[in-house]
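Participant: Got a structure for you, target_14.txt, holding compact mmCIF, C-alpha atoms.
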```
# COMPACT_ATOMS: atom_id res chain seq x y z
CA MET C 14 0.00 0.00 0.00
CA VAL C 15 1.19 3.51 -0.83
CA SER C 16 0.13 4.78 2.60
CA ASP C 17 2.22 2.08 4.33
CA ARG C 18 5.29 3.07 2.34
CA ILE C 19 4.80 6.73 3.19
CA HIS C 20 4.43 5.93 6.89
CA ALA C 21 7.74 4.06 6.69
CA MET C 22 9.63 7.21 5.63
CA LYS C 23 11.84 7.57 8.67
CA GLY C 24 15.48 8.47 9.11
CA LEU C 25 17.75 11.41 8.49
CA HIS C 26 17.80 10.85 4.73
CA TRP C 27 14.03 11.37 4.59
CA VAL C 28 14.27 14.44 6.81
CA ALA C 29 16.91 15.83 4.46
CA LEU C 30 14.77 15.10 1.40
CA PHE C 31 11.63 16.67 2.87
CA GLY C 32 13.70 19.63 4.03
CA ALA C 33 15.10 20.12 0.53
CA ILE C 34 11.60 20.02 -0.97
CA LEU C 35 10.33 22.56 1.57
CA PHE C 36 13.35 24.80 0.94
CA ALA C 37 12.74 24.69 -2.82
CA TRP C 38 9.11 25.76 -2.33
CA ILE C 39 10.14 28.61 0.01
CA VAL C 40 12.70 29.92 -2.47
CA LEU C 41 10.20 29.66 -5.32
CA TYR C 42 7.68 31.62 -3.28
CA ALA C 43 10.31 34.29 -2.63
CA MET C 44 11.11 34.44 -6.33
CA SER C 45 7.45 34.82 -7.23
CA LEU C 46 6.84 37.89 -5.05
CA PRO C 47 6.39 41.13 -7.01
CA SER C 48 9.43 43.38 -6.90
CA ASP C 49 7.49 46.27 -5.37
CA LEU C 50 6.31 44.06 -2.50
CA ARG C 51 9.88 42.93 -1.84
CA ALA C 52 11.12 46.50 -1.77
CA ALA C 53 8.31 47.63 0.52
CA SER C 54 8.53 44.88 3.09
CA ARG C 55 12.29 44.34 2.96
CA ILE C 56 11.81 40.75 3.97
CA TYR C 57 15.06 39.64 2.36
CA GLY C 58 17.33 41.87 4.39
CA SER C 59 19.80 42.93 1.69
CA ASP C 60 19.93 44.28 -1.82
CA LEU C 61 22.05 41.31 -2.87
CA LEU C 62 19.50 38.73 -1.81
CA THR C 63 16.71 40.79 -3.35
CA SER C 64 18.54 40.85 -6.66
CA LEU C 65 19.10 37.10 -6.53
CA CYS C 66 15.33 36.63 -6.27
CA VAL C 67 14.77 38.44 -9.57
CA VAL C 68 14.43 35.68 -12.16
CA THR C 69 12.75 37.38 -15.09
CA PRO C 70 14.75 36.70 -18.28
CA ASP C 71 15.39 40.39 -18.95
CA ALA C 72 16.87 40.98 -15.50
CA ALA C 73 18.30 37.61 -14.48
CA GLY C 74 19.77 35.97 -17.56
CA PHE C 75 19.96 32.29 -18.44
CA VAL C 76 21.81 31.00 -15.36
CA ARG C 77 19.29 32.24 -12.80
CA VAL C 78 16.36 31.23 -15.00
CA PHE C 79 17.88 27.74 -15.13
CA ILE C 80 18.27 27.70 -11.33
CA MET C 81 14.61 28.68 -11.01
CA TRP C 82 13.58 25.80 -13.30
CA ALA C 83 15.81 23.36 -11.38
CA LEU C 84 14.20 24.41 -8.10
CA MET C 85 10.73 24.18 -9.65
CA SER C 86 11.44 20.70 -11.02
CA ALA C 87 12.74 19.51 -7.65
CA ALA C 88 9.84 21.06 -5.73
CA MET C 89 7.19 19.65 -8.06
CA MET C 90 8.64 16.28 -9.10
CA ALA C 91 10.30 14.98 -5.94
CA PRO C 92 6.93 14.68 -4.12
CA THR C 93 5.53 12.63 -7.02
CA ALA C 94 8.40 10.14 -6.63
CA LEU C 95 8.08 9.58 -2.89
CA PRO C 96 6.18 6.24 -3.13
CA ALA C 97 8.79 4.93 -5.60
CA LEU C 98 11.68 6.07 -3.40
CA ALA C 99 10.09 4.39 -0.38
CA THR C 100 9.60 1.21 -2.39
CA TYR C 101 13.30 1.18 -3.32
CA GLU C 102 14.24 1.57 0.33
CA ASP C 103 11.97 -1.35 1.26
CA LEU C 104 13.78 -3.54 -1.26
CA SER C 105 17.15 -2.41 0.10
CA ARG C 106 16.53 -3.33 3.74
CA SER C 107 18.34 -6.64 3.35
CA THR C 108 21.58 -4.81 2.39
CA GLU C 109 23.90 -2.76 4.57
CA ASP C 110 23.72 0.34 2.36
CA THR C 111 20.66 1.45 0.42
CA HIS C 112 22.59 4.08 -1.59
CA PHE C 113 19.49 6.23 -1.17
CA GLY C 114 21.39 9.41 -2.01
CA GLN C 115 22.59 7.97 -5.31
CA LEU C 116 19.04 7.04 -6.23
CA VAL C 117 17.74 10.56 -5.50
CA TRP C 118 20.60 12.27 -7.33
CA GLY C 119 20.16 10.03 -10.35
CA TYR C 120 16.49 11.01 -10.39
CA LEU C 121 17.25 14.72 -10.06
CA VAL C 122 19.96 14.71 -12.73
CA VAL C 123 17.30 13.92 -15.34
CA TRP C 124 15.20 16.86 -14.20
CA ILE C 125 18.24 19.14 -14.14
CA GLY C 126 18.68 18.26 -17.81
CA PHE C 127 15.02 19.09 -18.41
CA SER C 128 15.53 22.40 -16.58
CA LEU C 129 18.35 23.36 -18.95
CA ILE C 130 16.07 22.80 -21.94
CA ALA C 131 13.10 24.56 -20.31
CA ALA C 132 15.22 27.57 -19.35
CA ALA C 133 16.59 27.84 -22.88
CA LEU C 134 13.05 27.58 -24.25
CA GLN C 135 11.88 30.32 -21.89
CA MET C 136 14.67 32.62 -23.07
CA VAL C 137 13.76 31.97 -26.72
CA LEU C 138 10.03 32.51 -26.18
CA PHE C 139 10.71 35.69 -24.22
CA GLY C 140 13.00 36.94 -26.99
CA LEU C 141 10.19 36.32 -29.49
CA ASP C 142 7.76 38.20 -27.20
CA LEU C 143 5.53 35.12 -26.94
CA ILE C 144 5.70 35.08 -23.13
CA SER C 145 5.95 37.85 -20.57
CA ALA C 146 8.87 38.47 -18.24
CA TYR C 147 7.05 36.31 -15.66
CA GLY C 148 6.74 33.38 -18.05
CA ASP C 149 3.03 33.46 -18.91
CA SER C 150 1.93 33.28 -22.53
CA ARG C 151 1.13 36.41 -24.50
CA SER C 152 0.02 34.38 -27.50
CA ALA C 153 -3.31 32.56 -27.76
CA ILE C 154 -1.77 30.30 -30.40
CA LEU C 155 1.13 29.34 -28.13
CA SER C 156 -1.25 28.64 -25.24
CA ALA C 157 -3.54 26.56 -27.45
CA VAL C 158 -0.64 24.57 -28.89
CA LEU C 159 0.78 23.77 -25.44
CA LEU C 160 -2.64 22.82 -24.08
CA ALA C 161 -3.41 20.65 -27.12
CA LEU C 162 0.01 19.00 -26.93
CA ALA C 163 -0.41 18.18 -23.25
CA GLY C 164 -3.99 17.00 -23.83
CA ALA C 165 -3.12 14.76 -26.76
CA TYR C 166 -0.14 13.31 -24.89
CA GLN C 167 -2.50 12.11 -22.14
CA PHE C 168 -3.87 9.57 -24.66
CA SER C 169 -0.48 8.43 -26.01
CA ARG C 170 1.09 5.00 -25.57
CA ALA C 171 4.28 6.66 -24.31
CA LYS C 172 2.39 8.34 -21.48
CA GLU C 173 0.63 5.11 -20.55
CA ALA C 174 3.88 3.12 -20.64
CA CYS C 175 5.64 5.58 -18.35
CA LEU C 176 2.70 5.82 -15.97
CA SER C 177 2.48 2.04 -15.70
CA LYS C 178 6.05 1.97 -14.39
CA CYS C 179 5.50 4.86 -11.98
CA ARG C 180 2.38 3.17 -10.62
CA ARG C 181 4.18 -0.15 -10.09
CA PRO C 182 7.57 0.84 -8.67
CA LEU C 183 8.14 -2.59 -7.10
CA THR C 184 8.00 -4.32 -10.49
CA PHE C 185 10.03 -1.53 -12.08
CA PHE C 186 12.89 -1.76 -9.58
CA MET C 187 12.92 -5.56 -9.55
CA GLN C 188 13.52 -5.56 -13.32
CA HIS C 189 16.60 -3.33 -13.02
CA TRP C 190 17.80 -4.01 -9.47
CA ASP C 191 21.25 -5.28 -10.46
CA GLU C 192 22.07 -1.98 -12.18
CA GLY C 193 22.45 -0.20 -8.84
CA ALA C 194 20.93 2.86 -7.21
CA TRP C 195 22.42 5.50 -9.53
CA ARG C 196 21.18 3.93 -12.75
CA ASN C 197 17.84 3.07 -11.16
CA GLY C 198 17.54 6.74 -10.21
CA LEU C 199 18.28 7.76 -13.79
CA ARG C 200 15.71 5.28 -15.08
CA LEU C 201 13.10 6.50 -12.62
CA GLY C 202 13.82 10.09 -13.60
CA LEU C 203 13.43 9.29 -17.30
CA VAL C 204 10.16 7.48 -16.66
CA CYS C 205 8.84 10.42 -14.64
CA LEU C 206 10.00 12.81 -17.34
CA GLY C 207 8.05 10.72 -19.84
CA CYS C 208 4.98 11.10 -17.65
CA CYS C 209 5.16 14.78 -16.88
CA TRP C 210 7.15 16.83 -19.41
CA ALA C 211 4.07 18.05 -21.29
CA LEU C 212 2.28 19.07 -18.10
CA MET C 213 5.39 20.88 -16.90
CA LEU C 214 5.51 22.92 -20.11
CA LEU C 215 2.05 24.23 -19.28
CA ALA C 216 3.94 26.57 -16.96
CA PHE C 217 4.25 28.78 -20.03
CA VAL C 218 0.44 29.00 -20.04
CA GLY C 219 -0.21 29.30 -16.31
CA GLY C 220 2.92 31.35 -15.61
CA VAL C 221 6.38 30.05 -14.79
CA MET C 222 6.42 32.02 -11.52
CA ASN C 223 2.79 31.26 -10.63
CA ILE C 224 2.85 29.42 -7.28
CA ALA C 225 -0.83 28.46 -7.63
CA PHE C 226 -0.13 26.75 -10.96
CA MET C 227 2.88 24.92 -9.49
CA GLY C 228 0.86 23.66 -6.55
CA LEU C 229 -2.08 22.51 -8.68
CA ALA C 230 0.17 20.79 -11.22
CA THR C 231 2.08 19.02 -8.44
CA VAL C 232 -1.13 17.67 -6.88
CA ILE C 233 -2.37 16.47 -10.30
CA MET C 234 0.91 14.69 -11.07
CA ILE C 235 0.98 13.04 -7.64
CA PHE C 236 -2.55 11.68 -8.04
CA GLU C 237 -1.90 10.63 -11.62
CA LYS C 238 0.89 8.30 -10.46
CA LEU C 239 -1.22 6.60 -7.79
CA PRO C 240 -2.46 3.23 -9.11
CA ASP C 241 -5.97 3.41 -7.63
CA ILE C 242 -6.67 7.03 -8.58
CA GLY C 243 -4.47 7.83 -11.54
CA ARG C 244 -6.14 5.54 -14.04
CA TRP C 245 -9.37 7.53 -13.59
CA LEU C 246 -7.58 10.86 -14.00
CA THR C 247 -5.29 10.62 -17.04
CA LYS C 248 -7.74 10.58 -19.93
CA PRO C 249 -10.35 12.93 -18.39
CA LEU C 250 -7.52 15.38 -17.81
CA GLY C 251 -6.59 15.02 -21.47
CA VAL C 252 -10.16 15.90 -22.48
CA VAL C 253 -10.12 18.98 -20.22
CA LEU C 254 -6.83 20.17 -21.72
CA LEU C 255 -8.03 19.66 -25.31
CA VAL C 256 -11.26 21.53 -24.58
CA ALA C 257 -9.22 24.31 -22.98
CA ALA C 258 -7.07 24.53 -26.12
CA VAL C 259 -10.16 24.95 -28.31
CA TRP C 260 -11.65 27.49 -25.91
CA VAL C 261 -8.46 29.59 -25.91
CA LEU C 262 -8.45 29.67 -29.70
CA MET C 263 -12.14 30.47 -29.98
CA THR C 264 -11.97 33.33 -27.47
CA ALA C 265 -8.98 34.80 -29.30
CA ILE C 266 -10.79 35.01 -32.64
```
What do you get writing this file as C-alpha cells?

Facilitator:
Amino acid sequence: MVSDRIHAMKGLHWVALFGAILFAWIVLYAMSLPSDLRAASRIYGSDLLTSLCVVTPDAAGFVRVFIMWALMSAAMMAPTALPALATYEDLSRSTEDTHFGQLVWGYLVVWIGFSLIAAALQMVLFGLDLISAYGDSRSAILSAVLLALAGAYQFSRAKEACLSKCRRPLTFFMQHWDEGAWRNGLRLGLVCLGCCWALMLLAFVGGVMNIAFMGLATVIMIFEKLPDIGRWLTKPLGVVLLVAAVWVLMTAI
C-alpha cells in the first residue's frame, strides 16, 4: 500500500529530502513575489539577496532562470516520486547500504537536464515576445498549442507506458535491481519525465512564476501516479486540456 510506504519514511535521509523540498518551495515563493512588495517589506534583508530573487529573463539571464527551473522541477517532481523512493528503500533493507542518495541524485539529474532545456526555451520565447517576463503566454496560439500538446499526450502510448512503471515501482525496480541505485535513479527520472514533461511545459500558459499553478500541477501529477486514482484521471484530464485549447483559440478570434 502507498500509505504504508509513506508511513515508513523515517530516518535522516528522509528528513533531508523533505527539508530540501520545503526549501525549494520557500525559495520559489520568494522568487514569485512582485518586486514592489519585496522592496516595501524588505523581507530579504539585503539588496544582494533581493537581486538574486529576480528571475525574469530580462533581469536575471539564463543561469538564474535555469536555477529557477531546477528548483521548480525539484519542488514539483520529488513529491511525485516519494512512493517509488520508499519502495526502493523497502527492497534495500536486506543490504547494509541502500545508496538512497545515489538514487535521489540520479532522479534529479534527469530533471536538471530538463531544466536546462526549459530555461533555454523560456529565453527563446521571451525573446520572441511570446511570453511575458514572468513566463506566462502572450500568444493565444502558443497557449492553445501547449494545451493541445499536453492533452493529446495524455492519450499516447508513451504516457501510458511511463505511468504504468510509476504506478508499479516494485515491479520496475525488480527488473533493473542489479544496475544499482544511480542507474535506477536515472531510469526513474526518465520514466517520470516521460509522464510529466508536457504538463510541466504548461507553466508557459499558467505562468512560470505562478505558485498556484505549481501547486495545482504538483497535486495532479501526484494523483496521476497513484495506481488506484491515476487511471481515472489521465484521460479525463486530457479531455479537459483539449477543450481548454479549443476554448483559448475560440476566445482569441

Participant: If you count all atoms listed in the file, which residues fall within 12 Å of Phe139 of chain C, apart from same-chain ones fewer than 2 positions away, as a ChimeraX atom specification?

Facilitator: /C:69-72,74-75,78,132-137,141-152,217,221

Participant: What gap, in Å, lies between atom CA of Phe113 of chain C and atom CA of Glu173 of chain C?

Facilitator: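 For atom CA of Phe113 of chain C relative to atom CA of Glu173 of chain C, the distance reads 27.1 Å.
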
Participant: Listed atoms of segment 123-135 of chain C, axis-aligned box, 4 Å per side: centre and edge lengths to one decimal in Å, as AutoDock Vina command-line options?

Facilitator:
```
--center_x 15.3 --center_y 22.1 --center_z -19.2 --size_x 14.8 --size_y 24.4 --size_z 18.1
```

Participant: For a test of reading the model, state the distance in Å between atom CA of Arg196 of chain C and atom CA of Leu104 of chain C, rounded to one decimal.

Facilitator: 15.6 Å

Participant: Calculate how many Å separate atom CA of Met234 of chain C from atom CA of Leu250 of chain C, rounding to one decimal.

Facilitator: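 Answer for the atom CA of Met234 of chain C to atom CA of Leu250 of chain C separation: 10.8 Å.
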
Participant: Which is closest to Ser156 of chain C among C:Leu214, C:Cys209, C:Val40, C:Leu121, if we use all atoms listed in the file?

Facilitator: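 Using all atoms listed in the file, the shortest distance to Ser156 of chain C belongs to C:Leu214.
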
Participant: Using all atoms listed in the file, can you tell me which of C:Leu116, C:Ile34, C:Ala161, C:Leu25 comes closest to Trp260 of chain C?

Facilitator: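 So, comparing all the options, the nearest one is C:Ala161.
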
Participant: Taking all atoms listed in the file into account, name the residue in C:Ser86, C:Ser169, C:Gln115, C:Thr247 that is nearest to Ala194 of chain C.

Facilitator: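 Selected residue with least distance to Ala194 of chain C: C:Gln115.
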
Participant: Nearest to Ala94 of chain C among C:Trp190, C:Ala265, C:Pro182, C:Val253, with distances taken over only C-alpha atoms: which residue is it?

Facilitator: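 Once distances to Ala94 of chain C are computed over only C-alpha atoms, the minimum belongs to C:Pro182.
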
Participant: For a quick check of your reading of the model, name the residues lying within 8 Å of the coordinate (16.9, 12.4, -7.6), counting all atoms listed in the file, and write them as a list of chain:residue names.

Facilitator: C:Ala91, C:Gly114, C:Gln115, C:Leu116, C:Val117, C:Trp118, C:Gly119, C:Tyr120, C:Leu121, C:Val122, C:Val123, C:Gly198, C:Leu199, C:Gly202

Participant: Pick out the closest residue to Cys179 of chain C from this set: C:Gly164, C:Pro92, C:Gly140, C:Pro240. Count all atoms listed in the file.

Facilitator: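 With all atoms listed in the file as the atom set, the closest residue is C:Pro240.
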
Participant: Do a neighbour search on Leu262 of chain C at 12 Å with only C-alpha atoms, toss out local chain neighbours closer than 5 positions, and write the hits as a list in words.

Facilitator: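 Surrounding residues, per the criterion: Ser152, Ala153, Ile154, Leu155, Ser156, Ala157, Val158, Leu159, Leu160, Ala161, Leu255, Val256 and Ala257 of chain C.
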
Participant: I'd like the contact shell of Leu239 of chain C - 10 Å cut-off, all atoms listed in the file, skipping same-chain residues fewer than 2 positions apart - returned as number ranges by chain.

Facilitator: C: 15, 93, 96, 176-177, 179-181, 234-237, 241-244, 246

Participant: Under the rule that all atoms listed in the file are counted, which of C:Ile130, C:Leu254, C:Ile80, C:Ile125 is the nearest residue to Val218 of chain C?

Facilitator: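 Closest residue, counting all atoms listed in the file: C:Leu254.
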
Participant: Could you list as number ranges by chain every residue that has an atom within 7 Å of (9.5, -1.8, -5.3), using the file's coordinates and counting only C-alpha atoms?

Facilitator: C: 97, 100-101, 104, 182-187

Participant: Go ahead and write the residues just picked, C-alpha atoms, as a compact mmCIF listing (two decimals), in the frame of the given file.

Facilitator:
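Result saved to result.txt:
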```
# COMPACT_ATOMS: atom_id res chain seq x y z
CA ALA C 97 8.79 4.93 -5.60
CA THR C 100 9.60 1.21 -2.39
CA TYR C 101 13.30 1.18 -3.32
CA LEU C 104 13.78 -3.54 -1.26
CA PRO C 182 7.57 0.84 -8.67
CA LEU C 183 8.14 -2.59 -7.10
CA THR C 184 8.00 -4.32 -10.49
CA PHE C 185 10.03 -1.53 -12.08
CA PHE C 186 12.89 -1.76 -9.58
CA MET C 187 12.92 -5.56 -9.55
```
